[in-house]
file run15.cif (mmCIF, C-alpha atoms)
data_target
#
loop_
_atom_site.label_atom_id
_atom_site.label_comp_id
_atom_site.auth_asym_id
_atom_site.auth_seq_id
_atom_site.Cartn_x
_atom_site.Cartn_y
_atom_site.Cartn_z
CA MET A 548 0.00 0.00 0.00
CA SER A 549 1.36 3.42 -0.92
CA ALA A 550 1.78 6.28 1.53
CA LEU A 551 -1.05 8.15 -0.19
CA GLU A 552 -3.41 5.21 0.17
CA THR A 553 -2.48 4.97 3.86
CA VAL A 554 -3.26 8.67 4.35
CA LEU A 555 -6.61 8.28 2.59
CA PHE A 556 -7.63 5.25 4.64
CA LYS A 557 -6.56 6.93 7.89
CA SER A 558 -8.49 10.05 6.93
CA LEU A 559 -11.66 8.11 6.28
CA ALA A 560 -11.24 5.74 9.23
CA ASP A 561 -12.62 8.35 11.62
CA PRO A 562 -16.45 8.22 11.56
CA THR A 563 -16.82 11.98 11.98
CA ARG A 564 -14.49 12.72 9.06
CA ARG A 565 -16.17 10.08 6.93
CA GLY A 566 -19.55 11.60 7.78
CA LEU A 567 -18.36 15.09 6.83
CA PHE A 568 -16.97 13.82 3.52
CA GLU A 569 -20.16 11.89 2.75
CA ARG A 570 -22.33 14.88 3.62
CA LEU A 571 -20.32 17.19 1.38
CA ALA A 572 -20.46 14.63 -1.43
CA ARG A 573 -24.22 14.25 -1.02
CA GLU A 574 -25.27 17.86 -0.32
CA GLY A 575 -22.61 19.90 -2.09
CA GLU A 576 -20.65 22.89 -0.92
CA MET A 577 -21.16 23.93 2.72
CA THR A 578 -19.64 26.24 5.32
CA VAL A 579 -18.10 25.05 8.57
CA VAL A 580 -21.08 26.52 10.44
CA ALA A 581 -23.53 24.49 8.35
CA LEU A 582 -21.46 21.33 8.75
CA THR A 583 -21.21 21.81 12.51
CA ARG A 584 -25.01 21.89 12.93
CA GLU A 585 -25.35 18.15 12.34
CA ALA A 586 -21.83 16.94 13.14
CA HIS A 587 -22.40 16.42 16.89
CA VAL A 588 -18.95 17.89 17.59
CA SER A 589 -17.72 21.43 18.15
CA GLN A 590 -16.88 23.89 15.37
CA PRO A 591 -13.12 23.69 16.16
CA ALA A 592 -13.34 19.88 15.89
CA VAL A 593 -15.14 20.14 12.53
CA SER A 594 -12.44 22.53 11.32
CA GLN A 595 -9.71 20.10 12.39
CA HIS A 596 -11.44 17.21 10.64
CA LEU A 597 -11.81 19.29 7.48
CA ALA A 598 -8.09 20.14 7.61
CA VAL A 599 -7.25 16.41 7.67
CA LEU A 600 -9.60 15.75 4.76
CA LYS A 601 -8.13 18.68 2.83
CA GLU A 602 -4.57 17.44 3.44
CA ALA A 603 -5.62 14.04 2.10
CA GLY A 604 -7.08 15.66 -1.03
CA LEU A 605 -10.64 14.66 -0.18
CA VAL A 606 -12.09 18.15 0.23
CA ALA A 607 -11.35 21.51 -1.34
CA ASP A 608 -12.15 24.92 0.03
CA ARG A 609 -13.04 28.34 -1.27
CA ARG A 610 -12.79 31.59 0.67
CA GLU A 611 -15.54 34.16 0.42
CA GLY A 612 -14.69 37.05 2.72
CA ARG A 613 -14.30 35.60 6.20
CA THR A 614 -16.27 32.47 5.35
CA THR A 615 -14.76 29.26 4.01
CA HIS A 616 -16.88 26.97 1.85
CA TYR A 617 -15.93 23.30 1.57
CA ARG A 618 -16.83 20.78 -1.08
CA ALA A 619 -16.05 17.10 -1.53
CA ALA A 620 -13.26 16.21 -3.93
CA PRO A 621 -14.23 12.64 -4.84
CA GLU A 622 -11.36 12.45 -7.32
CA GLY A 623 -9.17 12.24 -4.22
CA LEU A 624 -10.48 8.69 -3.78
CA ALA A 625 -8.86 7.54 -7.04
CA PRO A 626 -5.78 5.97 -5.42
CA ILE A 627 -7.87 3.72 -3.21
CA THR A 628 -10.39 2.81 -5.90
CA GLY A 629 -7.52 1.17 -7.78
CA TRP A 630 -6.49 -0.66 -4.61
CA LEU A 631 -10.06 -1.84 -4.04
CA ALA A 632 -10.43 -2.91 -7.68
CA ALA A 633 -7.47 -5.26 -7.28
CA TYR A 634 -9.26 -6.95 -4.40
CA GLY A 635 -12.51 -7.02 -6.35
CA VAL A 636 -10.75 -9.23 -8.91
CA PHE A 637 -9.49 -11.41 -6.06
CA TRP A 638 -12.99 -11.93 -4.64
CA THR A 639 -14.56 -12.47 -8.06
CA ASP A 640 -12.04 -15.24 -8.72
CA ARG A 641 -12.67 -16.81 -5.30
CA ILE A 642 -16.43 -16.73 -5.77
CA ASP A 643 -16.10 -18.28 -9.23
CA ARG A 644 -13.98 -21.10 -7.77
CA LEU A 645 -16.50 -21.64 -4.98
CA GLU A 646 -19.33 -21.81 -7.51
CA THR A 647 -17.38 -24.39 -9.54
CA LEU A 648 -16.72 -26.47 -6.43
CA LEU A 649 -20.37 -26.35 -5.37
CA ASN A 650 -21.49 -27.39 -8.86
CA GLU A 651 -19.06 -30.33 -8.77
CA MET A 652 -20.38 -31.37 -5.36
CA ASP A 653 -23.96 -31.33 -6.67
CA GLN A 654 -23.11 -33.83 -9.42
#
call {"tool": "encode", "arguments": {"input": "run15.cif", "output": "structure tokens"}}
result
Amino acid sequence: MSALETVLFKSLADPTRRGLFERLAREGEMTVVALTREAHVSQPAVSQHLAVLKEAGLVADRREGRTTHYRAAPEGLAPITGWLAAYGVFWTDRIDRLETLLNEMDQ
């Protein structure tokens, strides 16, 4: 696993960060204040979580005066989608072999 993949998995391992990312992906651009309303953590905690997600390339921000707007950057998931695809092939092969074995046992 590459260092980037490790950073991405660590970033998304925290349920609060994962929830923030998913909410931004689902609802679009939001301010920290809006994100804090349903995050069940303090505004400073939300800001820290967003900083981790931004460092990992999973969110981007835009300043408008004193307000920062965040949006999901799903393209940041690309390194781990490749990693997951490799395991998808692994499981597909295993399931195919299991199906073959079960068919042979039925005969």
call {"tool": "closest_atom_pairs", "arguments": {"input": "run15.cif", "of": "region 582-621 of chain A", "to": "region 561-574 of chain A", "cutoff": "6 Å", "atoms": "all atoms listed in the file", "output": "Markdown table"}}
result
| residue | atom | partner | partner_atom | distance |
| --- | --- | --- | --- | --- |
| A:His596 | CA | A:Arg564 | CA | 5.7 |
| A:Arg618 | CA | A:Leu571 | CA | 5.6 |
| A:Ala619 | CA | A:Ala572 | CA | 5.1 |
call {"tool": "closest_residue", "arguments": {"input": "run15.cif", "among": "A:Asn650, A:Thr578, A:Thr583, A:Gln595", "to": "Tyr617 (chain A)", "atoms": "only C-alpha atoms"}}
result
A:Thr578
call {"tool": "residues_around", "arguments": {"input": "run15.cif", "residues": "Pro621 (chain A)", "least_positions_apart": "4", "cutoff": "8 Å", "atoms": "all atoms listed in the file", "output": "PyMOL selection string"}}
result
chain A and resi 572+605-606+625
call {"tool": "residues_around", "arguments": {"input": "run15.cif", "residues": "Thr614 (chain A)", "least_positions_apart": "3", "cutoff": "12 Å", "atoms": "all atoms listed in the file", "output": "number ranges by chain"}}
result
A: 577-581, 608-611, 617
call {"tool": "atom_distance", "arguments": {"input": "run15.cif", "atom1": "CA of Ile627 (chain A)", "atom2": "CA of Ser549 (chain A)"}}
result
9.5 Å
call {"tool": "atom_distance", "arguments": {"input": "run15.cif", "atom1": "CA of Gly635 (chain A)", "atom2": "CA of Gly575 (chain A)"}}
result
29.1 Å
